[in-house]
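Q: Structure file run39.tsv (TSV, C-alpha atoms) right here:
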```
chain	number	residue	atom	x	y	z
A	523	MET	CA	0.00	0.00	0.00
A	524	THR	CA	1.51	3.33	-1.04
A	525	SER	CA	0.48	6.94	-0.76
A	526	THR	CA	0.59	9.70	-3.34
A	527	ARG	CA	1.07	12.24	-0.57
A	528	SER	CA	3.80	12.89	1.98
A	529	LEU	CA	3.33	11.41	5.42
A	530	ASP	CA	6.22	13.34	6.98
A	531	HIS	CA	3.89	15.10	9.39
A	532	ILE	CA	3.32	11.82	11.27
A	533	PRO	CA	6.47	11.64	13.40
A	534	ASN	CA	8.17	8.26	13.74
A	535	GLU	CA	8.07	8.58	17.51
A	536	THR	CA	4.28	8.96	17.34
A	537	VAL	CA	3.94	5.77	15.33
A	538	GLU	CA	6.22	3.93	17.74
A	539	LYS	CA	4.22	5.25	20.69
A	540	VAL	CA	0.99	3.99	19.11
A	541	LEU	CA	2.53	0.56	18.53
A	542	GLY	CA	3.88	0.41	22.06
A	543	ARG	CA	0.53	1.30	23.52
A	544	THR	CA	-1.16	-1.23	21.26
A	545	ARG	CA	1.03	-4.00	22.67
A	546	GLN	CA	0.53	-2.82	26.24
A	547	LEU	CA	-3.25	-2.71	25.95
A	548	CYS	CA	-3.56	-5.88	23.89
A	549	GLU	CA	-2.00	-7.89	26.71
A	550	VAL	CA	-4.73	-6.83	29.17
A	551	PRO	CA	-8.00	-8.87	28.97
A	552	ALA	CA	-11.11	-6.76	28.38
A	553	PRO	CA	-14.16	-8.95	27.71
A	554	THR	CA	-17.42	-7.08	27.34
A	555	GLY	CA	-18.45	-6.09	30.84
A	556	GLY	CA	-14.89	-6.42	32.15
A	557	GLU	CA	-13.17	-3.43	30.58
A	558	GLY	CA	-12.17	-1.73	33.84
A	559	GLU	CA	-8.43	-2.45	33.79
A	560	ARG	CA	-8.05	-1.26	30.22
A	561	ALA	CA	-10.13	1.83	30.93
A	562	ALA	CA	-7.78	2.74	33.80
A	563	ILE	CA	-4.74	2.36	31.53
A	564	VAL	CA	-6.26	4.53	28.81
A	565	SER	CA	-7.32	7.15	31.34
A	566	ASP	CA	-3.75	7.29	32.64
A	567	TRP	CA	-2.38	7.70	29.09
A	568	TRP	CA	-4.67	10.58	28.35
A	569	GLN	CA	-4.02	12.40	31.60
A	570	ARG	CA	-0.27	12.15	31.04
A	571	ASP	CA	-0.79	13.35	27.45
A	572	GLY	CA	-2.51	16.52	28.69
A	573	VAL	CA	-5.99	15.62	27.43
A	574	GLN	CA	-8.59	17.80	29.12
A	575	GLU	CA	-11.55	16.63	31.24
A	576	VAL	CA	-10.46	12.98	31.28
A	577	ASP	CA	-13.09	10.90	33.01
A	578	ILE	CA	-14.35	7.33	33.35
A	579	ASP	CA	-18.13	7.56	33.34
A	580	SER	CA	-20.73	5.33	34.99
A	581	ALA	CA	-20.85	3.04	31.94
A	582	GLY	CA	-17.08	2.49	32.09
A	583	ASN	CA	-16.25	4.65	29.06
A	584	VAL	CA	-13.07	6.72	29.06
A	585	ARG	CA	-13.55	10.17	27.59
A	586	GLY	CA	-11.49	13.32	27.18
A	587	ARG	CA	-11.52	16.58	25.24
A	588	ILE	CA	-8.63	17.34	22.91
A	589	ARG	CA	-10.00	20.51	21.26
A	590	SER	CA	-12.43	23.10	22.64
A	591	GLY	CA	-13.79	24.59	19.41
A	592	VAL	CA	-16.73	26.95	19.24
A	593	SER	CA	-19.36	24.63	17.75
A	594	ALA	CA	-20.89	21.24	18.58
A	595	ALA	CA	-18.61	18.29	19.19
A	596	ILE	CA	-17.20	15.54	17.01
A	597	LEU	CA	-16.86	12.32	18.99
A	598	ILE	CA	-14.02	10.00	17.95
A	599	ALA	CA	-14.83	6.59	19.41
A	600	ALA	CA	-12.87	3.33	19.61
A	601	HIS	CA	-14.16	0.45	21.73
A	602	ILE	CA	-11.95	-1.01	24.44
A	603	ASP	CA	-13.72	-4.35	24.87
A	604	THR	CA	-12.86	-7.54	22.97
A	605	VAL	CA	-14.48	-10.94	22.42
A	606	PHE	CA	-11.83	-12.75	24.50
A	607	ASP	CA	-12.16	-13.61	28.18
A	608	GLU	CA	-9.43	-13.94	30.81
A	609	SER	CA	-8.79	-17.60	29.90
A	610	THR	CA	-7.36	-16.57	26.53
A	611	PRO	CA	-3.58	-16.02	26.54
A	612	HIS	CA	-3.16	-12.29	25.91
A	613	ARG	CA	0.24	-12.14	24.25
A	614	THR	CA	1.50	-10.21	21.24
A	615	GLU	CA	4.34	-10.77	18.83
A	616	ILE	CA	5.65	-9.06	15.71
A	617	ARG	CA	6.56	-11.10	12.63
A	618	ASN	CA	7.15	-9.90	9.09
A	619	GLN	CA	5.83	-6.37	9.77
A	620	ARG	CA	2.68	-7.70	11.36
A	621	MET	CA	1.58	-7.60	14.98
A	622	PHE	CA	-0.33	-10.64	16.22
A	623	GLY	CA	-2.51	-10.82	19.32
A	624	PRO	CA	-6.12	-11.35	20.41
A	625	GLY	CA	-8.06	-8.14	19.74
A	626	VAL	CA	-5.06	-6.30	18.29
A	627	GLY	CA	-7.00	-5.00	15.30
A	628	ASP	CA	-10.48	-5.17	16.81
A	629	ASN	CA	-10.00	-2.81	18.39
A	630	THR	CA	-6.83	-2.20	20.39
A	631	VAL	CA	-4.76	-0.39	17.77
A	632	ALA	CA	-7.66	2.01	17.22
A	633	VAL	CA	-7.73	2.94	20.91
A	634	ALA	CA	-3.99	3.56	20.83
A	635	GLY	CA	-4.39	5.47	17.56
A	636	ILE	CA	-7.03	7.93	18.71
A	637	SER	CA	-4.86	8.56	21.77
A	638	ALA	CA	-2.37	10.28	19.43
A	639	LEU	CA	-4.88	12.72	17.96
A	640	GLY	CA	-4.18	15.43	20.50
A	641	SER	CA	-0.66	15.81	19.15
A	642	LEU	CA	-1.56	15.42	15.46
A	643	LEU	CA	-4.64	17.60	14.86
A	644	PRO	CA	-4.37	21.33	14.10
A	645	PRO	CA	-4.01	23.30	17.35
A	646	THR	CA	-7.36	25.03	16.89
A	647	THR	CA	-10.58	23.64	15.42
A	648	ASP	CA	-14.04	25.02	14.85
A	649	CYS	CA	-15.65	21.92	16.37
A	650	ALA	CA	-15.00	20.65	19.85
A	651	ILE	CA	-13.35	17.23	19.61
A	652	TRP	CA	-13.66	14.46	22.20
A	653	ILE	CA	-12.00	11.05	22.16
A	654	LEU	CA	-13.80	8.05	23.65
A	655	GLY	CA	-12.75	4.57	24.70
A	656	THR	CA	-16.15	2.88	24.71
A	657	THR	CA	-17.47	-0.21	26.47
A	658	GLY	CA	-20.09	-2.78	25.49
A	659	GLU	CA	-19.44	-2.79	21.74
A	660	GLU	CA	-18.84	-6.51	21.34
A	661	GLY	CA	-21.13	-9.49	21.91
A	662	LEU	CA	-24.19	-8.76	23.99
A	663	GLY	CA	-22.92	-5.38	25.08
A	664	ASN	CA	-25.63	-3.85	22.87
A	665	LEU	CA	-23.55	-0.69	22.34
A	666	SER	CA	-24.13	0.24	25.96
A	667	GLY	CA	-21.06	2.45	26.21
A	668	ILE	CA	-21.58	4.76	23.24
A	669	SER	CA	-25.33	4.79	23.91
A	670	HIS	CA	-24.65	6.10	27.41
A	671	VAL	CA	-22.39	8.85	26.07
A	672	LEU	CA	-24.94	9.94	23.47
A	673	SER	CA	-27.68	10.00	26.11
A	674	ASN	CA	-25.41	12.01	28.43
A	675	PRO	CA	-23.09	13.94	26.09
A	676	PRO	CA	-20.43	16.25	27.53
A	677	GLN	CA	-21.79	18.87	25.09
A	678	PRO	CA	-24.02	18.88	21.98
A	679	VAL	CA	-22.82	16.37	19.38
A	680	GLN	CA	-22.84	16.99	15.63
A	681	ALA	CA	-21.02	13.88	14.37
A	682	VAL	CA	-19.49	10.57	15.43
A	683	ILE	CA	-16.50	8.87	13.86
A	684	ALA	CA	-16.12	5.27	15.00
A	685	VAL	CA	-12.60	3.96	14.50
A	686	GLU	CA	-12.00	0.26	13.90
A	687	GLY	CA	-8.34	-0.70	13.83
A	688	ASN	CA	-8.13	-2.79	10.68
A	689	TYR	CA	-10.63	-0.86	8.55
A	690	LEU	CA	-8.27	1.27	6.46
A	691	GLY	CA	-9.70	1.85	2.97
A	692	ARG	CA	-13.27	1.09	4.03
A	693	ILE	CA	-15.90	3.61	5.04
A	694	ALA	CA	-18.95	2.16	6.76
A	695	THR	CA	-21.95	4.32	5.90
A	696	ARG	CA	-24.65	1.79	6.79
A	697	GLY	CA	-25.14	0.36	10.24
A	698	VAL	CA	-26.05	-3.32	10.32
A	699	GLY	CA	-28.80	-3.75	12.90
A	700	SER	CA	-29.27	-6.96	14.86
A	701	ALA	CA	-31.80	-8.72	17.03
A	702	ARG	CA	-30.61	-11.66	19.13
A	703	PHE	CA	-32.86	-14.23	20.72
A	704	SER	CA	-32.64	-17.34	22.83
A	705	VAL	CA	-35.24	-19.89	21.71
A	706	GLU	CA	-36.21	-22.60	24.21
A	707	ILE	CA	-38.29	-25.75	23.68
A	708	GLN	CA	-40.02	-27.70	26.45
A	709	ALA	CA	-41.55	-31.14	25.70
A	710	PRO	CA	-43.05	-33.96	27.85
A	711	GLY	CA	-39.98	-36.20	27.59
A	712	GLY	CA	-40.01	-39.96	27.84
A	713	HIS	CA	-38.37	-43.29	27.04
A	714	ALA	CA	-36.60	-43.59	23.68
A	715	TRP	CA	-38.57	-46.77	22.81
A	716	GLU	CA	-41.69	-46.83	24.91
A	717	ASP	CA	-42.50	-43.16	24.26
A	718	ARG	CA	-41.15	-42.95	20.72
A	719	HIS	CA	-44.26	-41.10	19.51
A	720	ILE	CA	-43.83	-38.28	22.07
A	721	PRO	CA	-42.26	-35.09	20.64
A	722	SER	CA	-38.56	-34.60	21.37
A	723	ALA	CA	-37.39	-31.09	22.25
A	724	VAL	CA	-34.07	-31.77	20.49
A	725	GLU	CA	-35.77	-32.83	17.26
A	726	ILE	CA	-38.02	-29.76	17.33
A	727	ALA	CA	-34.99	-27.54	17.95
A	728	ALA	CA	-33.27	-29.14	14.95
A	729	GLU	CA	-36.34	-28.56	12.77
A	730	LEU	CA	-36.52	-24.93	13.85
A	731	VAL	CA	-32.82	-24.34	13.22
A	732	THR	CA	-33.20	-25.80	9.74
A	733	SER	CA	-36.28	-23.65	9.12
A	734	THR	CA	-34.47	-20.43	10.07
A	735	ALA	CA	-32.51	-20.76	6.83
A	736	THR	CA	-35.72	-19.89	4.98
A	737	LEU	CA	-35.90	-16.47	6.63
A	738	ARG	CA	-33.58	-15.09	3.97
A	739	SER	CA	-33.00	-15.98	0.32
A	740	SER	CA	-29.64	-17.26	-0.86
A	741	SER	CA	-29.20	-14.15	-3.03
A	742	ASP	CA	-30.00	-11.73	-0.20
A	743	GLU	CA	-26.91	-9.65	0.57
A	744	THR	CA	-28.61	-7.27	3.01
A	745	THR	CA	-29.50	-9.76	5.77
A	746	SER	CA	-27.97	-12.65	7.68
A	747	VAL	CA	-29.28	-15.35	10.00
A	748	ASN	CA	-26.88	-17.17	12.30
A	749	VAL	CA	-27.53	-19.84	14.91
A	750	GLY	CA	-24.48	-19.50	17.12
A	751	ARG	CA	-25.32	-21.95	19.93
A	752	LEU	CA	-27.40	-25.13	20.16
A	753	TRP	CA	-28.05	-27.28	23.22
A	754	GLY	CA	-30.45	-29.81	24.71
A	755	GLY	CA	-31.36	-33.32	25.76
A	756	GLU	CA	-30.89	-35.33	28.93
A	757	ALA	CA	-29.70	-38.76	27.76
A	758	ILE	CA	-29.12	-40.70	24.56
A	759	ASN	CA	-31.99	-43.05	25.39
A	760	ALA	CA	-34.51	-40.39	26.42
A	761	ARG	CA	-36.91	-38.26	24.43
A	762	ALA	CA	-35.57	-34.78	25.21
A	763	GLU	CA	-37.54	-32.61	27.61
A	764	SER	CA	-35.63	-29.41	26.84
A	765	ALA	CA	-33.50	-27.92	24.11
A	766	GLY	CA	-32.75	-24.54	22.64
A	767	PHE	CA	-30.57	-22.31	20.52
A	768	ASP	CA	-29.34	-18.73	20.26
A	769	ILE	CA	-29.95	-16.91	17.00
A	770	ASP	CA	-28.57	-13.67	15.60
A	771	LEU	CA	-30.67	-11.82	12.99
A	772	ARG	CA	-28.98	-8.99	11.06
A	773	ALA	CA	-29.94	-6.51	8.37
A	774	ASP	CA	-28.58	-3.23	7.11
A	775	ASN	CA	-32.00	-1.56	7.24
A	776	ALA	CA	-34.81	-1.52	9.77
A	777	ALA	CA	-37.49	-2.90	7.43
A	778	ASP	CA	-35.55	-6.07	6.62
A	779	LEU	CA	-34.68	-6.59	10.28
A	780	ASP	CA	-38.36	-6.32	11.18
A	781	ARG	CA	-39.15	-8.88	8.49
A	782	LEU	CA	-36.62	-11.34	9.93
A	783	GLU	CA	-38.05	-10.91	13.41
A	784	GLU	CA	-41.58	-11.47	12.14
A	785	GLY	CA	-40.47	-14.63	10.36
A	786	LEU	CA	-38.81	-15.99	13.50
A	787	ALA	CA	-41.90	-15.21	15.56
A	788	GLU	CA	-44.04	-17.12	13.06
A	789	LEU	CA	-41.78	-20.18	13.31
A	790	VAL	CA	-41.70	-20.08	17.10
A	791	ASN	CA	-45.46	-19.56	17.48
A	792	SER	CA	-46.50	-22.46	15.23
A	793	GLU	CA	-48.89	-24.84	16.97
A	794	ARG	CA	-47.21	-27.93	18.46
A	795	PRO	CA	-49.47	-30.01	20.74
A	796	GLY	CA	-47.87	-30.73	24.09
A	797	VAL	CA	-44.83	-28.58	23.33
A	798	LYS	CA	-43.97	-25.08	24.53
A	799	VAL	CA	-41.65	-22.94	22.42
A	800	SER	CA	-40.61	-19.53	23.70
A	801	ARG	CA	-38.11	-16.87	22.74
A	802	GLN	CA	-36.28	-14.34	24.87
A	803	LEU	CA	-34.68	-11.18	23.52
A	804	LEU	CA	-30.96	-11.07	24.31
A	805	GLY	CA	-30.15	-7.75	22.71
A	806	ARG	CA	-30.63	-5.30	19.86
A	807	ARG	CA	-28.54	-3.00	17.73
A	808	PRO	CA	-30.34	-0.40	15.63
A	809	ALA	CA	-29.91	-0.29	11.86
A	810	GLY	CA	-29.39	3.03	10.11
A	811	GLY	CA	-27.08	4.99	7.89
A	812	ILE	CA	-25.78	8.27	6.56
A	813	ALA	CA	-26.42	9.85	3.14
A	814	SER	CA	-23.69	9.14	0.62
A	815	ASN	CA	-23.32	12.87	-0.09
A	816	HIS	CA	-23.00	13.94	3.53
A	817	PRO	CA	-19.93	16.14	4.23
A	818	LEU	CA	-18.59	13.56	6.69
A	819	VAL	CA	-18.63	10.86	4.01
A	820	PHE	CA	-17.10	13.26	1.50
A	821	ALA	CA	-14.31	14.16	3.90
A	822	ALA	CA	-13.36	10.53	4.53
A	823	GLY	CA	-13.63	9.48	0.90
A	824	SER	CA	-11.72	12.42	-0.57
A	825	VAL	CA	-8.85	11.96	1.88
A	826	LEU	CA	-8.46	8.28	0.95
A	827	GLU	CA	-8.52	9.14	-2.73
A	828	GLU	CA	-5.78	11.72	-2.25
A	829	PHE	CA	-3.69	8.98	-0.65
A	830	GLY	CA	-4.18	6.83	-3.74
A	831	LEU	CA	-6.77	4.52	-2.20
A	832	THR	CA	-10.17	3.71	-3.67
A	833	PRO	CA	-12.72	3.96	-0.84
A	834	GLU	CA	-14.91	0.92	-0.28
A	835	TYR	CA	-18.31	1.92	1.09
A	836	VAL	CA	-19.63	-0.88	3.28
A	837	ALA	CA	-22.15	-1.84	5.95
A	838	ALA	CA	-20.96	-2.74	9.44
A	839	SER	CA	-22.09	-3.07	13.05
A	840	THR	CA	-20.14	-0.56	15.15
A	841	ASP	CA	-20.55	2.28	17.64
A	842	ALA	CA	-21.86	4.35	14.73
A	843	ASN	CA	-25.16	2.43	14.91
A	844	ALA	CA	-26.03	4.16	18.17
A	845	ALA	CA	-25.55	7.53	16.51
A	846	TYR	CA	-27.84	6.61	13.59
A	847	LYS	CA	-30.59	5.76	16.08
A	848	ARG	CA	-30.42	9.34	17.37
A	849	GLY	CA	-30.21	10.98	13.95
A	850	ILE	CA	-26.53	11.90	14.41
A	851	PRO	CA	-24.30	11.66	11.30
A	852	ALA	CA	-21.69	8.93	11.71
A	853	ILE	CA	-19.18	6.84	9.79
A	854	THR	CA	-16.71	4.10	10.63
A	855	ILE	CA	-13.14	4.19	9.33
A	856	GLY	CA	-9.82	2.54	10.22
A	857	ILE	CA	-6.11	3.19	10.59
A	858	THR	CA	-4.49	0.02	9.23
A	859	THR	CA	-5.25	-3.32	7.58
A	860	GLY	CA	-5.32	-6.79	9.06
A	861	GLY	CA	-7.32	-9.96	9.50
A	862	GLY	CA	-8.29	-12.87	11.73
A	863	GLU	CA	-10.75	-10.80	13.74
A	864	HIS	CA	-12.28	-12.60	16.74
A	865	THR	CA	-9.60	-15.33	16.62
A	866	ARG	CA	-6.43	-15.78	18.65
A	867	GLN	CA	-4.47	-15.38	15.41
A	868	GLU	CA	-5.73	-11.82	14.84
A	869	TRP	CA	-3.17	-9.52	13.22
A	870	ILE	CA	-2.55	-6.02	11.86
A	871	ASP	CA	-0.15	-4.68	9.25
A	872	LEU	CA	2.39	-2.24	10.65
A	873	ASP	CA	3.48	-0.47	7.46
A	874	PRO	CA	0.15	1.27	6.69
A	875	LEU	CA	-0.17	2.76	10.17
A	876	PRO	CA	1.36	6.20	9.33
A	877	LEU	CA	-0.97	6.47	6.34
A	878	GLY	CA	-3.97	5.43	8.44
A	879	LEU	CA	-3.20	7.89	11.21
A	880	SER	CA	-2.75	10.66	8.65
A	881	ALA	CA	-6.02	9.77	6.93
A	882	LEU	CA	-7.87	9.86	10.26
A	883	VAL	CA	-6.37	13.23	11.17
A	884	GLN	CA	-7.13	14.75	7.80
A	885	THR	CA	-10.68	13.36	7.74
A	886	ILE	CA	-11.40	15.08	11.05
A	887	ALA	CA	-9.68	18.30	9.97
A	888	ARG	CA	-11.42	18.40	6.61
A	889	TYR	CA	-14.86	17.85	8.11
A	890	ASP	CA	-14.12	20.48	10.74
A	891	GLN	CA	-13.12	22.94	8.04
A	892	GLN	CA	-16.31	22.27	6.08
A	893	GLN	CA	-18.38	23.28	9.11
A	894	ARG	CA	-16.96	26.81	8.93
A	895	PHE	CA	-18.74	27.57	5.68
```
Written as structure tokens, how would this file's structure read?

A:
Amino acid sequence: MTSTRSLDHIPNETVEKVLGRTRQLCEVPAPTGGEGERAAIVSDWWQRDGVQEVDIDSAGNVRGRIRSGVSAAILIAAHIDTVFDESTPHRTEIRNQRMFGPGVGDNTVAVAGISALGSLLPPTTDCAIWILGTTGEEGLGNLSGISHVLSNPPQPVQAVIAVEGNYLGRIATRGVGSARFSVEIQAPGGHAWEDRHIPSAVEIAAELVTSTATLRSSSDETTSVNVGRLWGGEAINARAESAGFDIDLRADNAADLDRLEEGLAELVNSERPGVKVSRQLLGRRPAGGIASNHPLVFAAGSVLEEFGLTPEYVAASTDANAAYKRGIPAITIGITTGGGEHTRQEWIDLDPLPLGLSALVQTIARYDQQQRF
């Protein structure tokens, strides 16, 4: 990956500091709901960096102001939680200009990256600018961290930029919404031979799981249906009394998500004599988006193009979703490339980091400048 523009204004020591902080933070477990140790580390960074009004709020988010401005705030958010619990070895290593480690790209390098913005942005901006290390972005966190900030903002908010570490070159302009349910089946149970005509909860669960595939067509690129967990049964020679599964419904627009939910409800509510099927909501993420011609999208896209990259406009599920729900313009961008997200073999490329940091800085600065006219 090369740039058509000089990156000399990103000092080498800044890049090294970002990488060092990435390694430090990556080696601290932060499963959703257990982000406290990481939040304390980030808070300490920002206080030592001279960030103003650094605070850890009641939802566990770290926040600080890096520019005062005279108009409403831009929030730059990177989530501090990961999908890995404390049982996962949290180690990093660098091989062939790549850093490996659980959560390194999703989203540790982004947290370290936004921590450098105070030293990289122009000294004065029209917009106030706050940086956020958010909680509850992964799993069943249901965007609790960013939602809390937007419900209790430090000042009026005009835009949100969510930063995902390995998203360089992509601009998420559509928020993929989700609805997650636990479906449980209760049946009479019985002997595998003597009661062979009695319904089995396991068999009904299997039928339902198979039927969920019909909720979307094979050519549908705007929705997804995923059964992530399946359980049930008491013994190999018993008709199962209980079984169940967890299902994740996703769509990049509210209407399609509603349609998926209605389809699941129809499957669950089908009449089955002697059997009880119920569903429990585990969590939601709102769908939404931003107009393709919005100044925030233009700023991000034009900066990438000037660096010789062709922007890829995509749909994603990030902190930006919470902004869409409130009618706040938002995008998601990144500062490097990588892969293996949500696996222990996750990695990021080191070489693109100066370009990614520069693109983030210039996206913010360009959008800020547009607000003056």

Q: So that I can check the surroundings of A:Asn759, please list as an mmCIF file with C-alpha atoms, in the coordinates of the input every protein, DNA and RNA residue that reaches within 10 Å of it, counting all atoms listed in the file and ignoring chain neighbours fewer than 4 positions away.

A:
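The new file result-v2.cif reads:
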```
data_model
loop_
_atom_site.group_PDB
_atom_site.id
_atom_site.type_symbol
_atom_site.label_atom_id
_atom_site.label_comp_id
_atom_site.auth_asym_id
_atom_site.auth_seq_id
_atom_site.Cartn_x
_atom_site.Cartn_y
_atom_site.Cartn_z
ATOM 1 C CA GLY A 712 -40.010 -39.960 27.840
ATOM 2 C CA HIS A 713 -38.370 -43.290 27.040
ATOM 3 C CA ALA A 714 -36.600 -43.590 23.680
ATOM 4 C CA TRP A 715 -38.570 -46.770 22.810
ATOM 5 C CA GLY A 755 -31.360 -33.320 25.760
#
```

Q: With all atoms listed in the file as the counted atoms, please give the residues lying no more than 8 Å from A:Arg696, apart from itself and same-chain residues fewer than 6 positions off, as number ranges by chain.

A: A: 774, 809-812, 836-838

Q: Quick one: residues within 10 Å of A:Asn618, all atoms listed in the file, excluding same-chain residues fewer than 2 positions away - as a list in words?

A: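 The neighbour list is Ile616, Arg620, Met621, Asp871 and Leu872 of chain A.
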
Q: In terms of the shortest atom-to-atom distance over only C-alpha atoms, which of A:Pro710, A:Pro721, A:Gly697, A:Pro645 is closest to A:Ala852?

A: A:Gly697

Q: How far is it from atom CA of A:Thr859 to atom CA of A:Gly830, in Å with one decimal?

A: 15.2 Å

Q: Show which residues sit within 8 Å of stretch 599-612 of chain A, as a PDB file with C-alpha atoms, keeping the file's coordinate frame. Count only C-alpha atoms, and ignore same-chain residues fewer than 5 positions away.

A:
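For reference, selection-v1.pdb as written:
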```
ATOM      1  CA  CYS A 548      -3.560  -5.880  23.890  1.00  0.00           C
ATOM      2  CA  GLU A 549      -2.000  -7.890  26.710  1.00  0.00           C
ATOM      3  CA  VAL A 550      -4.730  -6.830  29.170  1.00  0.00           C
ATOM      4  CA  PRO A 551      -8.000  -8.870  28.970  1.00  0.00           C
ATOM      5  CA  ALA A 552     -11.110  -6.760  28.380  1.00  0.00           C
ATOM      6  CA  PRO A 553     -14.160  -8.950  27.710  1.00  0.00           C
ATOM      7  CA  THR A 554     -17.420  -7.080  27.340  1.00  0.00           C
ATOM      8  CA  GLY A 555     -18.450  -6.090  30.840  1.00  0.00           C
ATOM      9  CA  GLY A 556     -14.890  -6.420  32.150  1.00  0.00           C
ATOM     10  CA  GLU A 557     -13.170  -3.430  30.580  1.00  0.00           C
ATOM     11  CA  ARG A 560      -8.050  -1.260  30.220  1.00  0.00           C
ATOM     12  CA  ALA A 561     -10.130   1.830  30.930  1.00  0.00           C
ATOM     13  CA  GLY A 623      -2.510 -10.820  19.320  1.00  0.00           C
ATOM     14  CA  PRO A 624      -6.120 -11.350  20.410  1.00  0.00           C
ATOM     15  CA  GLY A 625      -8.060  -8.140  19.740  1.00  0.00           C
ATOM     16  CA  ASP A 628     -10.480  -5.170  16.810  1.00  0.00           C
ATOM     17  CA  ASN A 629     -10.000  -2.810  18.390  1.00  0.00           C
ATOM     18  CA  THR A 630      -6.830  -2.200  20.390  1.00  0.00           C
ATOM     19  CA  ALA A 632      -7.660   2.010  17.220  1.00  0.00           C
ATOM     20  CA  VAL A 633      -7.730   2.940  20.910  1.00  0.00           C
ATOM     21  CA  ILE A 636      -7.030   7.930  18.710  1.00  0.00           C
ATOM     22  CA  ILE A 653     -12.000  11.050  22.160  1.00  0.00           C
ATOM     23  CA  LEU A 654     -13.800   8.050  23.650  1.00  0.00           C
ATOM     24  CA  GLY A 655     -12.750   4.570  24.700  1.00  0.00           C
ATOM     25  CA  THR A 656     -16.150   2.880  24.710  1.00  0.00           C
ATOM     26  CA  THR A 657     -17.470  -0.210  26.470  1.00  0.00           C
ATOM     27  CA  GLY A 658     -20.090  -2.780  25.490  1.00  0.00           C
ATOM     28  CA  GLU A 659     -19.440  -2.790  21.740  1.00  0.00           C
ATOM     29  CA  GLU A 660     -18.840  -6.510  21.340  1.00  0.00           C
ATOM     30  CA  GLY A 661     -21.130  -9.490  21.910  1.00  0.00           C
ATOM     31  CA  ILE A 668     -21.580   4.760  23.240  1.00  0.00           C
ATOM     32  CA  VAL A 682     -19.490  10.570  15.430  1.00  0.00           C
ATOM     33  CA  ILE A 683     -16.500   8.870  13.860  1.00  0.00           C
ATOM     34  CA  ALA A 684     -16.120   5.270  15.000  1.00  0.00           C
ATOM     35  CA  VAL A 685     -12.600   3.960  14.500  1.00  0.00           C
ATOM     36  CA  GLU A 686     -12.000   0.260  13.900  1.00  0.00           C
ATOM     37  CA  ASP A 841     -20.550   2.280  17.640  1.00  0.00           C
ATOM     38  CA  HIS A 864     -12.280 -12.600  16.740  1.00  0.00           C
ATOM     39  CA  ARG A 866      -6.430 -15.780  18.650  1.00  0.00           C
TER      40      ARG A 866
END
```

Q: For each of A:Leu690, A:Gly766, A:Gln680, A:Ala562, take the minimum atom-to-atom distance to A:Pro874, counting only C-alpha atoms, then give the residue where this is smallest.

A: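 The closest residue to A:Pro874 is A:Leu690.
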
Q: So which one's closest to A:Glu827, A:Arg692, A:Lys847, A:Arg718, A:Arg543? Using only C-alpha atoms, please.

A: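 Ranked by minimum distance to A:Glu827, first place goes to A:Arg692.
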
Q: Hey, what's within 12 Å of stretch 788-798 of chain A if we count all atoms listed in the file and toss same-chain stuff fewer than 4 positions away? As JSON, numbers by chain, please?

A: {"A": [703, 704, 705, 706, 707, 708, 709, 710, 711, 719, 720, 721, 722, 723, 724, 725, 726, 727, 729, 730, 731, 732, 733, 734, 735, 736, 737, 762, 763, 764, 765, 766, 767, 781, 782, 783, 784, 802]}

Q: Expressed in Å to a single decimal, how great is the separation between atom CA of A:Leu547 and atom CA of A:Val631?

A: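 It comes out at 8.6 Å.
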
Q: Taking all atoms listed in the file into account, which of A:Ile651, A:Val626, A:Val883, A:Val564 comes nearest A:Ile596?

A: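 Closest candidate: A:Ile651.
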
Q: Of the candidates A:Pro833, A:Ser800, A:Asp780, A:Tyr846, which shows the shortest atom-to-atom distance to A:Ala813, using all atoms listed in the file?

A: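 Ranking A:Pro833, A:Ser800, A:Asp780, A:Tyr846 by distance to A:Ala813, first place goes to A:Tyr846.
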
Q: With only C-alpha atoms as the basis for distance, which of A:Ala681, A:Ile758, A:Leu875, A:Leu786 is at the shortest distance from A:Asp890?

A: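 With only C-alpha atoms as the atom set, the closest residue is A:Ala681.
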
Q: When you draw a straight line from atom CA of A:Gly627 to atom CA of A:Gly860, how long is it in Å?

A: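 Between these atoms lies a distance of 6.7 Å.
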